$ cat upload26.cif   # mmCIF, C-alpha atoms
data_upload
loop_
_atom_site.label_atom_id
_atom_site.label_comp_id
_atom_site.auth_asym_id
_atom_site.auth_seq_id
_atom_site.Cartn_x
_atom_site.Cartn_y
_atom_site.Cartn_z
CA MET A 1 0.52 -6.71 8.89
CA LEU A 2 3.43 -7.03 11.25
CA GLY A 3 1.65 -9.75 13.19
CA LYS A 4 1.10 -11.85 10.09
CA THR A 5 4.65 -11.19 8.88
CA PHE A 6 6.07 -12.22 12.23
CA ALA A 7 4.02 -15.40 12.23
CA VAL A 8 4.93 -16.32 8.66
CA LEU A 9 8.65 -15.66 9.19
CA THR A 10 8.77 -17.61 12.41
CA ILE A 11 6.98 -20.62 10.98
CA ALA A 12 9.10 -20.45 7.83
CA ALA A 13 12.20 -20.36 10.03
CA PHE A 14 11.05 -23.49 11.76
CA VAL A 15 10.33 -25.28 8.51
CA CYS A 16 13.67 -24.27 6.99
CA ALA A 17 15.51 -25.35 10.10
CA ALA A 18 13.73 -28.69 10.08
CA PHE A 19 14.82 -29.27 6.48
CA THR A 20 18.41 -28.14 6.91
CA GLY A 21 18.84 -29.74 10.31
CA ASN A 22 19.56 -26.42 11.98
CA LEU A 23 16.90 -26.58 14.66
CA GLY A 24 19.52 -26.02 17.32
CA GLU A 25 20.53 -22.72 15.75
CA LEU A 26 17.11 -21.13 15.98
CA ALA A 27 17.42 -20.00 19.57
CA GLY A 28 20.73 -18.34 18.80
CA GLY A 29 19.18 -16.60 15.83
CA ALA A 30 16.32 -15.21 17.89
CA ILE A 31 18.60 -14.00 20.66
CA ASP A 32 21.02 -12.42 18.21
CA GLY A 33 18.11 -10.75 16.48
CA ALA A 34 16.83 -9.33 19.75
CA ALA A 35 20.27 -8.02 20.64
CA LYS A 36 20.74 -6.54 17.19
CA SER A 37 17.43 -4.72 17.42
CA VAL A 38 18.79 -2.83 20.44
CA THR A 39 21.78 -1.52 18.52
CA VAL A 40 19.70 -0.78 15.45
CA THR A 41 17.09 1.08 17.49
CA LEU A 42 19.74 3.09 19.31
CA SER A 43 21.28 4.22 16.02
CA LEU A 44 17.81 4.87 14.70
CA CYS A 45 17.06 7.07 17.72
CA GLY A 46 20.11 9.18 17.03
CA MET A 47 19.38 9.48 13.33
CA MET A 48 15.72 10.23 13.86
CA CYS A 49 16.55 12.94 16.39
CA LEU A 50 19.01 14.65 14.12
CA TRP A 51 17.12 14.46 10.86
CA SER A 52 13.66 15.12 12.26
CA GLY A 53 15.09 18.26 13.81
CA VAL A 54 16.77 19.23 10.55
CA LEU A 55 13.58 18.63 8.59
CA ARG A 56 11.54 20.78 10.92
CA VAL A 57 13.99 23.69 10.68
CA LEU A 58 14.24 23.44 6.91
CA ARG A 59 10.47 23.42 6.61
CA GLU A 60 9.95 26.36 8.93
CA ALA A 61 12.45 28.31 6.89
CA GLY A 62 10.88 27.26 3.61
CA ALA A 63 14.20 25.91 2.41
CA ILE A 64 12.65 22.86 0.82
CA ARG A 65 10.68 24.89 -1.66
CA ALA A 66 13.53 24.99 -4.18
CA VAL A 67 14.00 21.22 -4.08
CA LYS A 68 10.27 20.73 -4.45
CA LYS A 69 10.19 22.89 -7.55
CA LEU A 70 13.05 20.91 -9.02
CA ILE A 71 11.30 17.57 -8.71
CA SER A 72 7.73 18.82 -9.02
CA PRO A 73 6.93 16.84 -12.19
CA LEU A 74 7.92 13.68 -10.34
CA LEU A 75 5.88 14.64 -7.28
CA ARG A 76 2.84 15.52 -9.32
CA PHE A 77 2.96 12.21 -11.20
CA ALA A 78 3.58 9.98 -8.23
CA PHE A 79 1.57 11.78 -5.56
CA PRO A 80 -1.27 13.67 -7.22
CA LYS A 81 -3.45 13.79 -4.12
CA ALA A 82 -0.71 14.98 -1.83
CA TRP A 83 0.45 17.51 -4.39
CA LYS A 84 -3.02 19.00 -4.57
CA SER A 85 -3.50 19.14 -0.82
CA GLY A 86 0.09 20.03 -0.06
CA ALA A 87 0.17 17.64 2.87
CA GLY A 88 3.57 16.08 3.35
CA THR A 89 5.02 17.31 0.04
CA ASP A 90 7.97 18.93 1.84
CA ALA A 91 8.86 15.70 3.55
CA ILE A 92 8.34 13.65 0.38
CA ALA A 93 10.66 15.94 -1.56
CA ALA A 94 13.23 15.75 1.23
CA ASN A 95 12.93 11.96 1.32
CA ILE A 96 13.43 11.50 -2.41
CA SER A 97 16.40 13.85 -2.48
CA ALA A 98 17.98 12.21 0.55
CA ASN A 99 17.69 8.78 -1.05
CA MET A 100 19.26 10.04 -4.24
CA LEU A 101 22.16 11.72 -2.51
CA GLY A 102 22.95 8.58 -0.56
CA MET A 103 21.75 9.97 2.77
CA GLY A 104 19.77 6.84 3.53
CA ASN A 105 19.84 7.62 7.23
CA ALA A 106 18.09 10.90 6.67
CA ALA A 107 15.58 9.42 4.27
CA THR A 108 13.80 7.32 6.90
CA PRO A 109 12.74 10.14 9.24
CA PHE A 110 11.69 12.23 6.23
CA ALA A 111 9.55 9.37 4.94
CA LEU A 112 7.99 8.78 8.35
CA SER A 113 7.11 12.44 8.63
CA ALA A 114 5.56 12.38 5.17
CA LEU A 115 3.57 9.26 5.99
CA GLY A 116 2.32 10.82 9.21
CA GLU A 117 0.99 13.82 7.35
CA MET A 118 -0.55 11.70 4.63
CA LYS A 119 -2.26 9.64 7.29
CA LYS A 120 -3.60 12.76 8.96
CA SER A 121 -5.05 14.05 5.73
CA ALA A 122 -6.59 10.62 5.14
CA HIS A 123 -8.47 11.04 8.43
CA GLY A 124 -6.23 8.67 10.33
CA THR A 125 -7.48 5.21 9.42
CA ASP A 126 -5.29 2.19 9.95
CA THR A 127 -5.30 1.30 6.26
CA ALA A 128 -2.56 2.48 3.95
CA ASP A 129 -3.77 4.63 1.12
CA ASN A 130 -2.23 4.39 -2.32
CA GLU A 131 0.10 7.34 -1.98
CA MET A 132 1.54 6.04 1.27
CA ILE A 133 2.22 2.75 -0.43
CA THR A 134 3.79 4.57 -3.37
CA LEU A 135 6.19 6.40 -1.07
CA THR A 136 7.14 3.13 0.59
CA VAL A 137 7.66 1.23 -2.64
CA LEU A 138 9.77 4.09 -4.03
CA ALA A 139 11.92 3.77 -0.92
CA VAL A 140 12.57 0.13 -1.81
CA ALA A 141 13.91 1.12 -5.23
CA PRO A 142 15.59 4.51 -4.81
CA VAL A 143 17.80 6.00 -7.47
CA CYS A 144 21.26 5.32 -6.13
CA LEU A 145 23.74 7.96 -7.15
CA MET A 146 26.41 6.96 -4.67
CA PRO A 147 26.46 3.36 -3.36
CA VAL A 148 28.32 4.16 -0.17
CA ASN A 149 27.78 0.86 1.61
CA LEU A 150 28.70 -1.19 -1.42
CA LEU A 151 31.95 0.67 -2.00
CA ALA A 152 32.90 0.21 1.62
CA LEU A 153 32.28 -3.53 1.38
CA ARG A 154 34.25 -3.76 -1.86
CA ALA A 155 37.11 -1.79 -0.40
CA ALA A 156 37.19 -4.11 2.59
CA ALA A 157 37.46 -7.06 0.22
CA GLY A 158 40.33 -5.39 -1.62
CA GLY A 159 38.33 -4.36 -4.69
CA THR A 160 39.82 -1.87 -7.11
CA GLY A 161 38.29 0.05 -9.98
CA ASN A 162 35.20 1.00 -8.05
CA THR A 163 34.24 3.74 -10.48
CA VAL A 164 33.33 1.01 -12.93
CA MET A 165 30.44 0.15 -10.61
CA LEU A 166 28.73 3.52 -10.89
CA ALA A 167 27.31 3.35 -14.39
CA PRO A 168 25.58 -0.04 -14.07
CA ILE A 169 24.22 0.89 -10.65
CA TRP A 170 22.83 4.16 -11.98
CA ALA A 171 21.25 2.29 -14.87
CA VAL A 172 19.71 -0.44 -12.73
CA SER A 173 18.54 1.73 -9.83
CA GLY A 174 17.22 4.38 -12.23
CA ALA A 175 15.31 1.79 -14.24
CA SER A 176 13.95 0.19 -11.06
CA PHE A 177 12.81 3.56 -9.77
CA LEU A 178 10.96 4.32 -12.98
CA PHE A 179 9.45 0.85 -13.00
CA ALA A 180 8.33 1.33 -9.41
CA LEU A 181 6.73 4.67 -10.30
CA VAL A 182 4.75 3.17 -13.14
CA LEU A 183 3.83 0.06 -11.15
CA CYS A 184 2.52 2.19 -8.30
CA ARG A 185 0.32 4.25 -10.62
CA VAL A 186 -1.02 1.07 -12.18
CA MET A 187 -1.72 -0.51 -8.79
CA SER A 188 -3.34 2.69 -7.55
CA ALA A 189 -5.66 2.58 -10.53
CA LEU A 190 -6.40 -1.12 -10.08
CA PHE A 191 -6.99 -0.85 -6.32
CA PRO A 192 -8.45 2.57 -5.56
CA ASP A 193 -8.59 3.77 -1.96
CA GLY A 194 -11.57 3.44 0.23
CA LYS A 195 -13.19 0.42 -1.35
CA ARG A 196 -11.66 -2.40 0.66
CA SER A 197 -11.11 -0.94 4.09
CA SER A 198 -13.78 -1.81 6.60
CA ARG A 199 -12.46 0.16 9.53
CA ARG A 200 -12.74 3.67 8.20
CA LYS A 201 -13.56 6.42 10.63
CA SER A 202 -14.97 8.67 7.93
CA PRO A 203 -17.40 8.28 5.00
CA PRO A 204 -16.18 6.48 1.85
CA ASP A 205 -13.85 8.23 -0.53
CA GLY A 206 -15.31 11.11 -2.43
CA PRO A 207 -13.72 14.18 -4.02
CA ARG A 208 -11.33 15.62 -1.50
CA ASP A 209 -10.58 19.27 -1.30
CA MET B 1 29.59 12.74 -8.44
CA GLU B 2 31.54 11.34 -5.57
CA PHE B 3 32.12 14.87 -4.36
CA LEU B 4 28.41 15.56 -4.45
CA ALA B 5 27.65 12.53 -2.32
CA VAL B 6 30.41 13.36 0.14
CA ILE B 7 29.32 16.98 0.49
CA ALA B 8 25.56 16.43 0.61
CA LEU B 9 25.25 15.46 4.26
CA PRO B 10 27.56 18.08 5.77
CA ALA B 11 26.13 20.71 3.43
CA THR B 12 22.62 19.98 4.66
CA LEU B 13 23.75 20.34 8.26
CA VAL B 14 25.63 23.54 7.54
CA VAL B 15 22.62 25.01 5.75
CA THR B 16 20.42 24.07 8.69
CA ALA B 17 22.87 25.61 11.14
CA ALA B 18 23.08 28.79 9.08
CA ILE B 19 19.29 29.03 8.97
CA ILE B 20 19.11 28.65 12.74
CA LEU B 21 21.78 31.28 13.23
CA LEU B 22 20.41 33.84 10.81
CA SER B 23 16.73 33.53 11.62
CA ARG B 24 15.01 36.01 13.85
CA ARG B 25 12.83 33.26 15.27
CA ASP B 26 14.06 30.70 17.77
CA LEU B 27 14.52 27.91 15.25
CA PHE B 28 16.69 25.87 17.52
CA SER B 29 13.66 25.17 19.69
CA GLU B 30 11.95 23.97 16.54
CA PHE B 31 14.93 21.72 15.93
CA LEU B 32 14.66 20.29 19.43
CA ALA B 33 10.91 19.82 19.13
CA GLY B 34 11.37 17.97 15.84
CA ALA B 35 14.16 15.91 17.35
CA ARG B 36 11.94 14.96 20.27
CA GLU B 37 9.20 13.79 17.90
CA GLY B 38 11.73 11.75 15.98
CA LEU B 39 13.00 10.18 19.17
CA GLU B 40 9.51 9.19 20.31
CA CYS B 41 8.88 7.68 16.92
CA ALA B 42 12.06 5.61 17.05
CA ILE B 43 11.33 4.39 20.57
CA GLY B 44 7.82 3.51 19.53
CA LEU B 45 9.30 1.35 16.81
CA PHE B 46 11.44 -0.67 19.19
CA PRO B 47 8.98 -3.46 20.07
CA ALA B 48 8.03 -3.99 16.42
CA MET B 49 11.68 -3.87 15.40
CA THR B 50 12.57 -6.49 18.00
CA ALA B 51 9.84 -8.83 16.87
CA LEU B 52 10.89 -8.45 13.26
CA MET B 53 14.60 -8.91 13.88
CA CYS B 54 14.02 -11.95 16.06
CA ALA B 55 11.94 -13.56 13.36
CA VAL B 56 14.41 -12.70 10.60
CA GLY B 57 17.30 -13.81 12.81
CA MET B 58 15.66 -17.18 13.26
CA LEU B 59 14.95 -17.38 9.56
CA MET B 60 18.59 -16.79 8.66
CA SER B 61 20.06 -19.09 11.25
CA GLY B 62 17.50 -21.74 10.29
CA GLY B 63 19.10 -21.99 6.87
CA PHE B 64 16.66 -19.93 4.84
CA ALA B 65 19.37 -18.85 2.43
CA GLU B 66 20.14 -22.47 1.59
CA ILE B 67 16.52 -23.48 1.02
CA ALA B 68 15.54 -20.36 -0.89
CA SER B 69 18.60 -20.75 -3.11
CA LYS B 70 17.62 -24.31 -3.92
CA LEU B 71 14.07 -23.26 -4.72
CA LEU B 72 15.10 -20.29 -6.85
CA SER B 73 17.96 -21.79 -8.85
CA PRO B 74 15.91 -23.50 -11.59
CA VAL B 75 14.19 -20.22 -12.48
CA LEU B 76 17.25 -18.05 -12.06
CA SER B 77 19.58 -20.22 -14.10
CA LEU B 78 17.04 -19.96 -16.94
CA LEU B 79 17.53 -16.19 -16.76
CA GLY B 80 21.25 -16.62 -17.09
CA ILE B 81 22.02 -15.58 -13.54
CA PRO B 82 25.22 -17.11 -12.13
CA ALA B 83 24.50 -19.68 -9.46
CA GLY B 84 26.89 -18.08 -6.99
CA VAL B 85 24.75 -14.99 -6.53
CA ILE B 86 21.51 -16.78 -5.73
CA PRO B 87 22.03 -16.59 -1.94
CA ILE B 88 22.19 -12.82 -1.99
CA ILE B 89 19.09 -12.63 -4.15
CA ALA B 90 17.21 -14.81 -1.68
CA VAL B 91 18.36 -12.81 1.30
CA ARG B 92 18.29 -9.19 0.08
CA PRO B 93 14.60 -8.46 0.66
CA PHE B 94 14.72 -9.76 4.20
CA SER B 95 17.84 -8.62 5.97
CA GLY B 96 20.39 -5.92 5.38
CA SER B 97 23.03 -7.45 7.62
CA ALA B 98 22.59 -10.87 6.06
CA SER B 99 22.95 -9.36 2.59
CA SER B 100 26.15 -7.56 3.58
CA ALA B 101 27.50 -10.78 5.04
CA THR B 102 26.45 -12.75 1.96
CA LEU B 103 28.07 -10.17 -0.32
CA ALA B 104 31.32 -10.41 1.63
CA GLY B 105 31.05 -14.18 1.33
CA ILE B 106 30.60 -13.97 -2.44
CA PHE B 107 33.66 -11.72 -2.68
CA GLU B 108 35.69 -14.25 -0.75
CA LEU B 109 34.45 -17.24 -2.69
CA PHE B 110 34.51 -15.86 -6.22
CA GLY B 111 36.53 -12.67 -6.08
CA VAL B 112 35.48 -9.03 -6.01
CA ASP B 113 35.68 -8.54 -9.76
CA SER B 114 34.39 -11.93 -10.83
CA PRO B 115 31.10 -12.11 -12.73
CA GLU B 116 29.45 -13.24 -9.51
CA GLY B 117 31.08 -10.47 -7.50
CA LEU B 118 30.07 -7.76 -9.95
CA PHE B 119 26.52 -9.03 -10.30
CA ALA B 120 26.08 -9.28 -6.56
CA SER B 121 27.51 -5.77 -6.12
CA VAL B 122 25.11 -4.18 -8.59
CA PHE B 123 22.11 -6.03 -7.16
CA TYR B 124 23.10 -5.19 -3.60
CA ALA B 125 23.31 -1.47 -4.37
CA SER B 126 20.17 -1.25 -6.47
CA ALA B 127 17.65 -2.88 -4.16
CA GLU B 128 16.80 -2.41 -0.52
CA THR B 129 15.48 -4.57 2.31
CA ALA B 130 11.86 -4.50 1.27
CA LEU B 131 10.53 -6.24 4.36
CA TYR B 132 12.06 -3.81 6.81
CA ILE B 133 11.08 -0.74 4.87
CA VAL B 134 7.45 -1.80 4.56
CA ALA B 135 7.24 -3.00 8.16
CA VAL B 136 9.03 -0.02 9.73
CA TYR B 137 7.39 2.68 7.66
CA PHE B 138 3.88 1.46 8.30
CA SER B 139 4.19 0.38 11.91
CA ALA B 140 5.79 3.74 12.75
CA VAL B 141 2.63 5.56 11.73
CA GLY B 142 0.31 2.91 13.08
CA ILE B 143 -0.95 1.48 9.82
CA LYS B 144 -2.00 -2.12 10.01
CA ARG B 145 -3.32 -2.92 6.56
CA THR B 146 -0.63 -2.46 3.97
CA ARG B 147 -2.57 -3.81 0.98
CA TRP B 148 -0.36 -4.05 -2.11
CA ALA B 149 2.78 -2.63 -0.51
CA LEU B 150 4.72 -5.84 0.02
CA PRO B 151 3.72 -7.56 -3.25
CA ALA B 152 4.61 -4.42 -5.22
CA SER B 153 7.97 -4.16 -3.44
CA LEU B 154 8.81 -7.74 -4.31
CA ILE B 155 7.79 -7.19 -7.94
CA VAL B 156 10.09 -4.19 -8.05
CA MET B 157 12.93 -6.27 -6.63
CA ALA B 158 12.32 -8.93 -9.27
CA PHE B 159 12.56 -6.19 -11.88
CA ALA B 160 15.79 -4.94 -10.32
CA LEU B 161 17.11 -8.48 -10.60
CA CYS B 162 16.35 -8.69 -14.32
CA ALA B 163 17.78 -5.20 -14.84
CA THR B 164 20.95 -6.25 -13.02
CA SER B 165 21.30 -9.26 -15.27
CA LEU B 166 20.95 -7.09 -18.39
CA ALA B 167 23.24 -4.37 -17.04
CA CYS B 168 25.98 -6.82 -16.15
CA ARG B 169 25.84 -8.26 -19.61
CA TRP B 170 25.94 -4.79 -21.14
CA PHE B 171 28.62 -3.23 -18.96
CA PHE B 172 30.79 -6.18 -18.08
CA GLY B 173 30.19 -8.26 -21.15
CA ASP B 174 29.53 -11.70 -19.79
#
$ encode --input "upload26.cif" --output "C-alpha cells"
Amino acid sequence: MLGKTFAVLTIAAFVCAAFTGNLGELAGGAIDGAAKSVTVTLSLCGMMCLWSGVLRVLREAGAIRAVKKLISPLLRFAFPKAWKSGAGTDAIAANISANMLGMGNAATPFALSALGEMKKSAHGTDTADNEMITLTVLAVAPVCLMPVNLLALRAAAGGTGNTVMLAPIWAVSGASFLFALVLCRVMSALFPDGKRSSRRKSPPDGPRD
Amino acid sequence: MEFLAVIALPATLVVTAAIILLSRRDLFSEFLAGAREGLECAIGLFPAMTALMCAVGMLMSGGFAEIASKLLSPVLSLLGIPAGVIPIIAVRPFSGSASSATLAGIFELFGVDSPEGLFASVFYASAETALYIVAVYFSAVGIKRTRWALPASLIVMAFALCATSLACRWFFGD
C-alpha cells in the first residue's frame, strides 16, 4: 500500500508542478520532507517509548478494566471479534479514551499495540482485517473533546472567544465518529474478511474461537 | 471540560507512577520493556515515514493545494462552502503541517473570527491526516493490503466536511 501511495503521490506532485510551473520547487519539497521526517520520527520515538511503557504497566495492573467497562457497548459494536477473543481490547479502549481526552500522542502507540495483537490473532497475514481497518478509520475521525492544537493556532493568530469553538467541534467530531462507526460496520458486512486475500498463511475464515 | 483535558495526561502518568510504586512486582521493568518495544516500532517506521514525507513534501511544494482547490471549487461552492477554505480542505487529508500552515494563512487573510476562519477551525479540529494515519498504522504492523481503509477514511472526511458546513450555519449563523 505504501509503495503505491508513494508512487501516486510522487507522480501527482510532478503533474501538479508541471501545471503550476513549480518544477523547480520539487527538489526542495523532497529534501524538506526528508528532514522533517527525522524530527517527526525523533518525537515519535520519545512518545512511543513513554506511552508504550505506560500502556504495559496499566495493563499488567489491570487498570484499564474500568475504562473498558465504561465504553464496552462501543467496543462490542465496533469490534465484535476482538471483544469476543479479548485480543487487544485493552489497547483499543486506551486508544479511544486517549483520542477523546486530546492525548493524541498517546493514542498512536495504543493503536499500534492494538493492531499488533489483532494481527497476531488473525494469524499474522499481511492483509488488514475489518476490525483493524475499523480502528484506523475511527482514528481518522476521533471525538474531539479538547482541540488543543487548534486553540494554540487561534491564540497565535490573536483569536478571542475560543470557548465558542467547543460546541461546533463536539457536534462535528461526534457526528463524524458515529458516521465512521456505522460506515465501518457496513463496509465490514459488504467486504467480509478472508475472501479477497490470496496470501493467507492459514485456512480461509471460519468460526473463530 | 478544559480542566479535564489539561489534567488527563498528567493524571495518567501519576496513576502509572503510583501503580509502579505500590505494586509488589517490578513493574518498572515492565515499563522499560514496553518502552523498548515502542522505540523499536518507531525506528522501524522511519524509512516508511521518510518516503511518505518526501512524497507529500513534493506534492505540497509542487502546488497541489492550488490545483486541488481549482478542481474542488465547483462542487464545494454548490455546497455553500466559502471559497477561502478550499485550500485547507484539499490539504487536510495529506499533511498535518501543511494544514496548520494553511489554517494560519486563512487566519491572516480573512481573520480568525471570519466565516472562513471559523469554518476552517472547525474542520481542522474535526478531521485528521487520513493518509498518515492509514500509512503509519498499517506499515508499523507490517500490513501491506489495506483494502477499504483509505476510501473509508476519505468518505468520513467528506462527511466531516458536510457536518462542518451545517454546524457553522447552525452555530455561527451564516
$ atom_distance --input "upload26.cif" --atom1 "CA of Ile169 in chain A" --atom2 "CA of Ile67 in chain B"
28.1 Å
$ atom_distance --input "upload26.cif" --atom1 "CA of Tyr124 in chain B" --atom2 "CA of Ala163 in chain B"
12.4 Å
$ residues_around --input "upload26.cif" --residues "Leu76 in chain B" --least-positions-apart "6" --cutoff "12 Å" --atoms "all atoms listed in the file" --output "list in words"
Ala68, Ser69, Lys70, Pro82, Ala83, Gly84, Val85, Ile86, Pro87, Ile89, Ala90, Ala158, Leu161, Cys162 and Ser165 of chain B
$ write_last_selection --input "upload26.cif" --atoms "C-alpha atoms" --output "CSV table (one decimal), keeping the file's coordinate frame"
chain,number,residue,atom,x,y,z
B,68,ALA,CA,15.5,-20.4,-0.9
B,69,SER,CA,18.6,-20.8,-3.1
B,70,LYS,CA,17.6,-24.3,-3.9
B,82,PRO,CA,25.2,-17.1,-12.1
B,83,ALA,CA,24.5,-19.7,-9.5
B,84,GLY,CA,26.9,-18.1,-7.0
B,85,VAL,CA,24.8,-15.0,-6.5
B,86,ILE,CA,21.5,-16.8,-5.7
B,87,PRO,CA,22.0,-16.6,-1.9
B,89,ILE,CA,19.1,-12.6,-4.2
B,90,ALA,CA,17.2,-14.8,-1.7
B,158,ALA,CA,12.3,-8.9,-9.3
B,161,LEU,CA,17.1,-8.5,-10.6
B,162,CYS,CA,16.4,-8.7,-14.3
B,165,SER,CA,21.3,-9.3,-15.3
$ atom_distance --input "upload26.cif" --atom1 "CA of Ala128 in chain A" --atom2 "CA of Ala180 in chain A"
17.3 Å
$ resolve_selection --input "upload26.cif" --expression "the PyMOL selection byres ((chain B and resi 15-23) around 9)" --output "list of chain:residue names"
A:Val54, A:Leu55, A:Val57, A:Leu58, A:Ala61, A:Ala63, B:Pro10, B:Ala11, B:Thr12, B:Leu13, B:Val14, B:Arg24, B:Arg25, B:Asp26, B:Leu27, B:Phe28, B:Phe31
$ write_last_selection --input "upload26.cif" --atoms "C-alpha atoms" --output "short mmCIF file (atom, residue, chain, number, x, y, z; two decimals), in the frame of the given file"
data_model
loop_
_atom_site.label_atom_id
_atom_site.label_comp_id
_atom_site.auth_asym_id
_atom_site.auth_seq_id
_atom_site.Cartn_x
_atom_site.Cartn_y
_atom_site.Cartn_z
CA VAL A 54 16.77 19.23 10.55
CA LEU A 55 13.58 18.63 8.59
CA VAL A 57 13.99 23.69 10.68
CA LEU A 58 14.24 23.44 6.91
CA ALA A 61 12.45 28.31 6.89
CA ALA A 63 14.20 25.91 2.41
CA PRO B 10 27.56 18.08 5.77
CA ALA B 11 26.13 20.71 3.43
CA THR B 12 22.62 19.98 4.66
CA LEU B 13 23.75 20.34 8.26
CA VAL B 14 25.63 23.54 7.54
CA ARG B 24 15.01 36.01 13.85
CA ARG B 25 12.83 33.26 15.27
CA ASP B 26 14.06 30.70 17.77
CA LEU B 27 14.52 27.91 15.25
CA PHE B 28 16.69 25.87 17.52
CA PHE B 31 14.93 21.72 15.93
#
$ closest_residue --input "upload26.cif" --among "A:Leu101, A:Ala157, A:Leu181, A:Ile11" --to "Leu74 in chain A" --atoms "all atoms listed in the file"
A:Leu181
$ residues_around --input "upload26.cif" --residues "Arg59 in chain A" --least-positions-apart "3" --cutoff "12 Å" --atoms "all atoms listed in the file" --output "PDB file with C-alpha atoms, keeping the file's coordinate frame"
ATOM      1  CA  TRP A  51      17.120  14.460  10.860  1.00  0.00           C
ATOM      2  CA  SER A  52      13.660  15.120  12.260  1.00  0.00           C
ATOM      3  CA  GLY A  53      15.090  18.260  13.810  1.00  0.00           C
ATOM      4  CA  VAL A  54      16.770  19.230  10.550  1.00  0.00           C
ATOM      5  CA  LEU A  55      13.580  18.630   8.590  1.00  0.00           C
ATOM      6  CA  ARG A  56      11.540  20.780  10.920  1.00  0.00           C
ATOM      7  CA  GLY A  62      10.880  27.260   3.610  1.00  0.00           C
ATOM      8  CA  ALA A  63      14.200  25.910   2.410  1.00  0.00           C
ATOM      9  CA  ILE A  64      12.650  22.860   0.820  1.00  0.00           C
ATOM     10  CA  ARG A  65      10.680  24.890  -1.660  1.00  0.00           C
ATOM     11  CA  ALA A  66      13.530  24.990  -4.180  1.00  0.00           C
ATOM     12  CA  VAL A  67      14.000  21.220  -4.080  1.00  0.00           C
ATOM     13  CA  LYS A  68      10.270  20.730  -4.450  1.00  0.00           C
ATOM     14  CA  GLY A  88       3.570  16.080   3.350  1.00  0.00           C
ATOM     15  CA  THR A  89       5.020  17.310   0.040  1.00  0.00           C
ATOM     16  CA  ASP A  90       7.970  18.930   1.840  1.00  0.00           C
ATOM     17  CA  ALA A  91       8.860  15.700   3.550  1.00  0.00           C
ATOM     18  CA  ILE A  92       8.340  13.650   0.380  1.00  0.00           C
ATOM     19  CA  ALA A  93      10.660  15.940  -1.560  1.00  0.00           C
ATOM     20  CA  ALA A  94      13.230  15.750   1.230  1.00  0.00           C
ATOM     21  CA  PHE A 110      11.690  12.230   6.230  1.00  0.00           C
ATOM     22  CA  SER A 113       7.110  12.440   8.630  1.00  0.00           C
TER      23      SER A 113
ATOM     24  CA  THR B  16      20.420  24.070   8.690  1.00  0.00           C
ATOM     25  CA  ILE B  19      19.290  29.030   8.970  1.00  0.00           C
ATOM     26  CA  ILE B  20      19.110  28.650  12.740  1.00  0.00           C
ATOM     27  CA  LEU B  27      14.520  27.910  15.250  1.00  0.00           C
ATOM     28  CA  GLU B  30      11.950  23.970  16.540  1.00  0.00           C
ATOM     29  CA  PHE B  31      14.930  21.720  15.930  1.00  0.00           C
ATOM     30  CA  GLY B  34      11.370  17.970  15.840  1.00  0.00           C
TER      31      GLY B  34
END
$ resolve_selection --input "upload26.cif" --expression "the PyMOL selection byres ((chain B and resi 50) around 8)" --output "mmCIF file with C-alpha atoms, in the coordinates of the input"
data_model
loop_
_atom_site.group_PDB
_atom_site.id
_atom_site.type_symbol
_atom_site.label_atom_id
_atom_site.label_comp_id
_atom_site.auth_asym_id
_atom_site.auth_seq_id
_atom_site.Cartn_x
_atom_site.Cartn_y
_atom_site.Cartn_z
ATOM 1 C CA GLY A 33 18.110 -10.750 16.480
ATOM 2 C CA ALA A 34 16.830 -9.330 19.750
ATOM 3 C CA SER A 37 17.430 -4.720 17.420
ATOM 4 C CA VAL A 38 18.790 -2.830 20.440
ATOM 5 C CA PHE B 46 11.440 -0.670 19.190
ATOM 6 C CA PRO B 47 8.980 -3.460 20.070
ATOM 7 C CA ALA B 48 8.030 -3.990 16.420
ATOM 8 C CA MET B 49 11.680 -3.870 15.400
ATOM 9 C CA ALA B 51 9.840 -8.830 16.870
ATOM 10 C CA LEU B 52 10.890 -8.450 13.260
ATOM 11 C CA MET B 53 14.600 -8.910 13.880
ATOM 12 C CA CYS B 54 14.020 -11.950 16.060
#
$ resolve_selection --input "upload26.cif" --expression "the PyMOL selection byres ((chain A) within 6 of (chain B))" --output "PyMOL selection string"
chain A and resi 1+9-10+13+16-17+22+25-26+29-30+33-34+37+45+48-50+52-53+56-57+101+116+126-128+133+137+140-141+147+159+168-169+172-173+176+180
$ residues_around --input "upload26.cif" --residues "Ala107 in chain A" --least-positions-apart "4" --cutoff "8 Å" --atoms "all atoms listed in the file" --output "number ranges by chain"
A: 94-96, 98-99, 103, 111
